[in-house]
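Single-structure report; data block below.
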Amino acid sequence: MVNRLQITEPGVYENLIVDGGFAPGNLVKITADNVTLRHCEIRHSGGNGIGIFGNNVIIEHCRIHHLLSGSFEDQQDAHGISGRWANVTIRHCEISHPSGDCIQFDPDRKSTGRVVIENCHLWTGPLEADMAGFKAGQRPGENAVDTKTPPDGPRCQLIIRDCHLHGWNQPAQIDNVAALNLKESVDAEVTGCIFQDNEIALRVRGPGARGGAHVTMRDCLIYDTRTAVRAEDKIALLKLHNIGYGGQIDERVRFVNGGAEAGYENTGESEASSAEEALKKLAGKKAVN
């Protein structure tokens with residue numbers, strides 16, 4: 001067990017518990033290229049669990065949780081994993097209870113690259129005890145995944161597949177809490193994911209000063225959500241294919257600040273099987289992968 005880990009050399013780092021006691025900053029800071037971090041528990045940060053500032057980085061089979069800054073009424077950013085876009089893979093990880101986002105790239109908007117998130121469990125829920133300025137029963141967090149990109153240059157690439165994202169419906173200081181908040185100059189593909197118990201499952205945002213997202217979602221299931229897909233600001237490219245809906249869904253697709261553009265497609269809507277059955281299938285797929 002350590003209270004902070006700085007990785008400045010390439011290699012494999014594994015079987016560590018990093019407990020920061022809610023100190024600020026990155027509990028794990030990766031500045032080297034060609035790093036694998038696996039089978040670790042990273043917990044109790046007043047900043048980010050992991051900050052990635054290298055290339056060719058893999059985070060796998062890690063549990064990252066209770067990243068809390070500020071208070072429930074004034075939540076400050078403490079993310080599970082953050083840093084710069086590069087060649088990054090995050091797989092078979094469970095990330096929960098951030099006061100910011102489970103995963104956010106890049107808060108500084110100074111990098112481009114590719115991030116893959118696969119077979120992960122990204123969630124929030126009521127805290128089990130008082131801790132770090134928050135009270136038991138309060139549900140922290142903003143989004144499971146949030147994208148920020150430079151205004152110029154190539155689009156950042158984001159792939160999210162076979163993930164379970166739930167619990168993003170808490171009353172907080174931000175409006176439109178979403179599991180996925182995809183905006184700016186990102187090219188995103190979301191496949192095979194299950195969304196459950198969210199205010200918004202997929203929030204996609206169109207052209208602004210930093211560009212607009214291009215998003216394709218296919219073969220996903222959405223349960224018990226107020227707005228399944230919220231499309232804003234005349235998003236130029238949004239493709240929804242084979243999306244299943246189950247439980248209480250108030251709205252399947254909502255357009256805000258403009259309607260559907262020429263790049264909008266929505267094919268193969270269906271009624272989803274039970275969430276329990278879907279999660280069993282997803283667990284089986286994860287076991288194989």
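Every chain in the structure tokens has a letter given in the order shown (A, B, ...), and although residue numbers restart at 1 in each chain, ligands are simply numbered from 1 in the order shown.
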Requested in this report: Find the spatial neighbours of A:His66, counting only C-alpha atoms, within a cut-off of 7 Å - ignore same-chain residues fewer than 3 positions away - and output them as a list in words.
Outcome: Arg43, His44, Ser45, Ser96, His97 and Pro98 of chain A
Report the closest atom pair, with its distance in Å rounded to one decimal, for each residue of stretch 169-281 of chain A that has an atom no farther than 10 Å from stretch 135-157 of chain A; count only C-alpha atoms, sort by chain and then rising residue number, and write it as a tab-separated table.
```
residue	atom	partner	partner_atom	distance
A:Asn169	CA	A:Arg139	CA	8.8
A:Gln170	CA	A:Arg139	CA	6.1
A:Pro171	CA	A:Arg139	CA	8.2
A:Ala172	CA	A:Glu142	CA	7.6
A:Gln173	CA	A:Glu142	CA	8.7
A:Ile174	CA	A:Glu142	CA	7.2
A:Asp175	CA	A:Glu142	CA	9.2
A:Asn176	CA	A:Glu142	CA	9.0
A:Val177	CA	A:Glu142	CA	5.9
A:Ala178	CA	A:Asn143	CA	5.4
A:Ala179	CA	A:Ala144	CA	4.8
A:Leu180	CA	A:Val145	CA	5.0
A:Asn181	CA	A:Asp146	CA	4.9
A:Leu182	CA	A:Thr147	CA	5.5
A:Lys183	CA	A:Thr147	CA	5.9
A:Glu184	CA	A:Thr149	CA	6.0
A:Ser185	CA	A:Arg155	CA	5.3
A:Val186	CA	A:Cys156	CA	4.7
A:Asp187	CA	A:Gln157	CA	5.0
A:Ala188	CA	A:Gln157	CA	6.0
A:Glu189	CA	A:Gln157	CA	8.4
A:Asn198	CA	A:Asn143	CA	9.9
A:Ile200	CA	A:Asn143	CA	9.7
A:Ala201	CA	A:Asn143	CA	9.7
A:Leu202	CA	A:Val145	CA	10.0
A:Arg203	CA	A:Asp146	CA	9.8
A:Gly208	CA	A:Pro151	CA	9.3
A:Ala209	CA	A:Pro151	CA	7.0
A:Arg210	CA	A:Pro151	CA	4.1
A:Gly211	CA	A:Pro151	CA	6.3
A:Gly212	CA	A:Pro151	CA	9.6
A:Ala213	CA	A:Arg155	CA	9.0
A:His214	CA	A:Arg155	CA	9.3
```
Would you save the residues from that selection as an mmCIF file, in the first residue's frame, using C-alpha atoms?
```cif
data_model
loop_
_atom_site.group_PDB
_atom_site.id
_atom_site.type_symbol
_atom_site.label_atom_id
_atom_site.label_comp_id
_atom_site.auth_asym_id
_atom_site.auth_seq_id
_atom_site.Cartn_x
_atom_site.Cartn_y
_atom_site.Cartn_z
ATOM 1 C CA ASN A 169 -29.297 10.950 -12.114
ATOM 2 C CA GLN A 170 -28.326 12.784 -8.945
ATOM 3 C CA PRO A 171 -29.414 16.334 -8.186
ATOM 4 C CA ALA A 172 -26.163 18.278 -8.489
ATOM 5 C CA GLN A 173 -24.839 21.700 -9.340
ATOM 6 C CA ILE A 174 -24.800 20.894 -13.062
ATOM 7 C CA ASP A 175 -27.794 20.622 -15.358
ATOM 8 C CA ASN A 176 -28.376 17.619 -17.604
ATOM 9 C CA VAL A 177 -26.432 14.949 -15.766
ATOM 10 C CA ALA A 178 -25.521 12.274 -18.315
ATOM 11 C CA ALA A 179 -23.732 8.954 -18.391
ATOM 12 C CA LEU A 180 -21.945 10.046 -21.580
ATOM 13 C CA ASN A 181 -21.356 13.766 -22.186
ATOM 14 C CA LEU A 182 -19.772 13.824 -25.648
ATOM 15 C CA LYS A 183 -18.913 17.231 -27.027
ATOM 16 C CA GLU A 184 -16.391 19.273 -28.961
ATOM 17 C CA SER A 185 -14.171 17.823 -31.695
ATOM 18 C CA VAL A 186 -14.484 14.130 -30.848
ATOM 19 C CA ASP A 187 -15.303 11.192 -33.104
ATOM 20 C CA ALA A 188 -17.016 8.651 -30.838
ATOM 21 C CA GLU A 189 -18.283 5.098 -31.304
ATOM 22 C CA ASN A 198 -29.658 7.822 -15.589
ATOM 23 C CA ILE A 200 -29.620 11.177 -19.636
ATOM 24 C CA ALA A 201 -27.877 8.167 -21.146
ATOM 25 C CA LEU A 202 -26.211 9.906 -24.087
ATOM 26 C CA ARG A 203 -25.814 13.680 -24.292
ATOM 27 C CA GLY A 208 -19.580 25.477 -30.838
ATOM 28 C CA ALA A 209 -16.343 27.391 -30.450
ATOM 29 C CA ARG A 210 -14.465 24.107 -29.998
ATOM 30 C CA GLY A 211 -16.303 22.113 -32.643
ATOM 31 C CA GLY A 212 -19.074 19.553 -32.317
ATOM 32 C CA ALA A 213 -19.121 15.830 -31.626
ATOM 33 C CA HIS A 214 -19.586 13.133 -34.267
#
```
Report task. Find the spatial neighbours of stretch 8-14 of chain A, counting only C-alpha atoms, within a cut-off of 10 Å - ignore same-chain residues fewer than 2 positions away - and output them as a ChimeraX atom specification. Result -> /A:5-6,16-17,29-41,54,56-62
I need the residues from that last selection saved to file as a PDB file, in the first residue's frame (with N, CA and C atoms), if you can.
```pdb
ATOM      1  N   LEU A   5       1.672   7.341  -6.302  1.00  0.00           N
ATOM      2  CA  LEU A   5       2.538   6.585  -7.204  1.00  0.00           C
ATOM      3  C   LEU A   5       2.838   7.446  -8.424  1.00  0.00           C
ATOM      4  N   GLN A   6       4.110   7.688  -8.690  1.00  0.00           N
ATOM      5  CA  GLN A   6       4.523   8.405  -9.887  1.00  0.00           C
ATOM      6  C   GLN A   6       5.275   7.433 -10.788  1.00  0.00           C
ATOM      7  N   LEU A  16      -1.109  -3.158  -6.523  1.00  0.00           N
ATOM      8  CA  LEU A  16      -0.879  -2.085  -5.573  1.00  0.00           C
ATOM      9  C   LEU A  16      -2.212  -1.554  -5.050  1.00  0.00           C
ATOM     10  N   ILE A  17      -2.209  -1.101  -3.806  1.00  0.00           N
ATOM     11  CA  ILE A  17      -3.297  -0.299  -3.264  1.00  0.00           C
ATOM     12  C   ILE A  17      -2.744   1.108  -3.076  1.00  0.00           C
ATOM     13  N   LYS A  29       0.255   9.168 -11.138  1.00  0.00           N
ATOM     14  CA  LYS A  29       0.603  10.058 -12.244  1.00  0.00           C
ATOM     15  C   LYS A  29       1.540   9.317 -13.185  1.00  0.00           C
ATOM     16  N   ILE A  30       1.102   9.156 -14.427  1.00  0.00           N
ATOM     17  CA  ILE A  30       1.867   8.404 -15.419  1.00  0.00           C
ATOM     18  C   ILE A  30       2.429   9.391 -16.440  1.00  0.00           C
ATOM     19  N   THR A  31       3.736   9.571 -16.441  1.00  0.00           N
ATOM     20  CA  THR A  31       4.389  10.462 -17.400  1.00  0.00           C
ATOM     21  C   THR A  31       5.228   9.695 -18.414  1.00  0.00           C
ATOM     22  N   ALA A  32       5.413   8.393 -18.217  1.00  0.00           N
ATOM     23  CA  ALA A  32       6.190   7.575 -19.144  1.00  0.00           C
ATOM     24  C   ALA A  32       5.294   7.012 -20.240  1.00  0.00           C
ATOM     25  N   ASP A  33       5.912   6.650 -21.368  1.00  0.00           N
ATOM     26  CA  ASP A  33       5.221   5.908 -22.416  1.00  0.00           C
ATOM     27  C   ASP A  33       5.336   4.409 -22.137  1.00  0.00           C
ATOM     28  N   ASN A  34       4.467   3.636 -22.779  1.00  0.00           N
ATOM     29  CA  ASN A  34       4.541   2.169 -22.726  1.00  0.00           C
ATOM     30  C   ASN A  34       4.428   1.652 -21.289  1.00  0.00           C
ATOM     31  N   VAL A  35       3.287   2.008 -20.670  1.00  0.00           N
ATOM     32  CA  VAL A  35       3.023   1.633 -19.279  1.00  0.00           C
ATOM     33  C   VAL A  35       1.738   0.814 -19.215  1.00  0.00           C
ATOM     34  N   THR A  36       1.771  -0.260 -18.418  1.00  0.00           N
ATOM     35  CA  THR A  36       0.565  -1.013 -18.074  1.00  0.00           C
ATOM     36  C   THR A  36       0.386  -0.971 -16.564  1.00  0.00           C
ATOM     37  N   LEU A  37      -0.800  -0.541 -16.132  1.00  0.00           N
ATOM     38  CA  LEU A  37      -1.155  -0.543 -14.713  1.00  0.00           C
ATOM     39  C   LEU A  37      -2.321  -1.508 -14.546  1.00  0.00           C
ATOM     40  N   ARG A  38      -2.157  -2.534 -13.712  1.00  0.00           N
ATOM     41  CA  ARG A  38      -3.214  -3.546 -13.629  1.00  0.00           C
ATOM     42  C   ARG A  38      -3.321  -4.137 -12.224  1.00  0.00           C
ATOM     43  N   HIS A  39      -4.537  -4.645 -11.967  1.00  0.00           N
ATOM     44  CA  HIS A  39      -4.831  -5.297 -10.693  1.00  0.00           C
ATOM     45  C   HIS A  39      -4.486  -4.384  -9.510  1.00  0.00           C
ATOM     46  N   CYS A  40      -4.912  -3.130  -9.610  1.00  0.00           N
ATOM     47  CA  CYS A  40      -4.666  -2.166  -8.541  1.00  0.00           C
ATOM     48  C   CYS A  40      -5.986  -1.618  -8.012  1.00  0.00           C
ATOM     49  N   GLU A  41      -5.966  -1.194  -6.754  1.00  0.00           N
ATOM     50  CA  GLU A  41      -7.073  -0.449  -6.177  1.00  0.00           C
ATOM     51  C   GLU A  41      -6.579   0.957  -5.886  1.00  0.00           C
ATOM     52  N   GLY A  54       1.337  10.105 -20.629  1.00  0.00           N
ATOM     53  CA  GLY A  54       2.216   9.358 -21.512  1.00  0.00           C
ATOM     54  C   GLY A  54       1.430   8.751 -22.651  1.00  0.00           C
ATOM     55  N   ASN A  56       0.737   5.199 -25.225  1.00  0.00           N
ATOM     56  CA  ASN A  56       0.702   3.741 -25.156  1.00  0.00           C
ATOM     57  C   ASN A  56       0.554   3.278 -23.696  1.00  0.00           C
ATOM     58  N   VAL A  57      -0.557   3.683 -23.105  1.00  0.00           N
ATOM     59  CA  VAL A  57      -0.845   3.377 -21.699  1.00  0.00           C
ATOM     60  C   VAL A  57      -2.073   2.475 -21.628  1.00  0.00           C
ATOM     61  N   ILE A  58      -1.966   1.416 -20.815  1.00  0.00           N
ATOM     62  CA  ILE A  58      -3.076   0.495 -20.580  1.00  0.00           C
ATOM     63  C   ILE A  58      -3.398   0.494 -19.093  1.00  0.00           C
ATOM     64  N   ILE A  59      -4.672   0.704 -18.768  1.00  0.00           N
ATOM     65  CA  ILE A  59      -5.160   0.559 -17.398  1.00  0.00           C
ATOM     66  C   ILE A  59      -6.145  -0.603 -17.425  1.00  0.00           C
ATOM     67  N   GLU A  60      -5.883  -1.659 -16.677  1.00  0.00           N
ATOM     68  CA  GLU A  60      -6.759  -2.824 -16.765  1.00  0.00           C
ATOM     69  C   GLU A  60      -6.937  -3.492 -15.397  1.00  0.00           C
ATOM     70  N   HIS A  61      -8.164  -4.012 -15.212  1.00  0.00           N
ATOM     71  CA  HIS A  61      -8.515  -4.748 -13.999  1.00  0.00           C
ATOM     72  C   HIS A  61      -8.205  -3.933 -12.734  1.00  0.00           C
ATOM     73  N   CYS A  62      -8.590  -2.679 -12.766  1.00  0.00           N
ATOM     74  CA  CYS A  62      -8.383  -1.811 -11.606  1.00  0.00           C
ATOM     75  C   CYS A  62      -9.719  -1.373 -11.023  1.00  0.00           C
TER      76      CYS A  62
END
```
Determine, using only C-alpha atoms, which residues of stretch 61-89 of chain A have any atom at most 6 Å from an atom of stretch 50-53 of chain A, and tabulate each with its shortest atom pair and distance in Å to one decimal place, rows ordered by chain and then rising number, as CSV.
```
residue,atom,partner,partner_atom,distance
A:Ile81,CA,A:Ile50,CA,4.7
A:Ser82,CA,A:Gly51,CA,5.0
A:Gly83,CA,A:Ile52,CA,4.5
A:Arg84,CA,A:Phe53,CA,5.6
```
Query raised in the report: Of the candidates A:Tyr264, A:Tyr223, A:Phe255, A:Phe72, which shows the shortest atom-to-atom distance to A:Asp130, using only C-alpha atoms?
Result: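 Distance minimum relative to A:Asp130 lands on A:Phe72.
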Report task. For A:Glu232, please output as an NGL selection string all residues within 7 Å (counting only C-alpha atoms; exclusion window: fewer than 2 positions along the same chain). Result -> :A and (204-206 or 230 or 234-235 or 255-258)
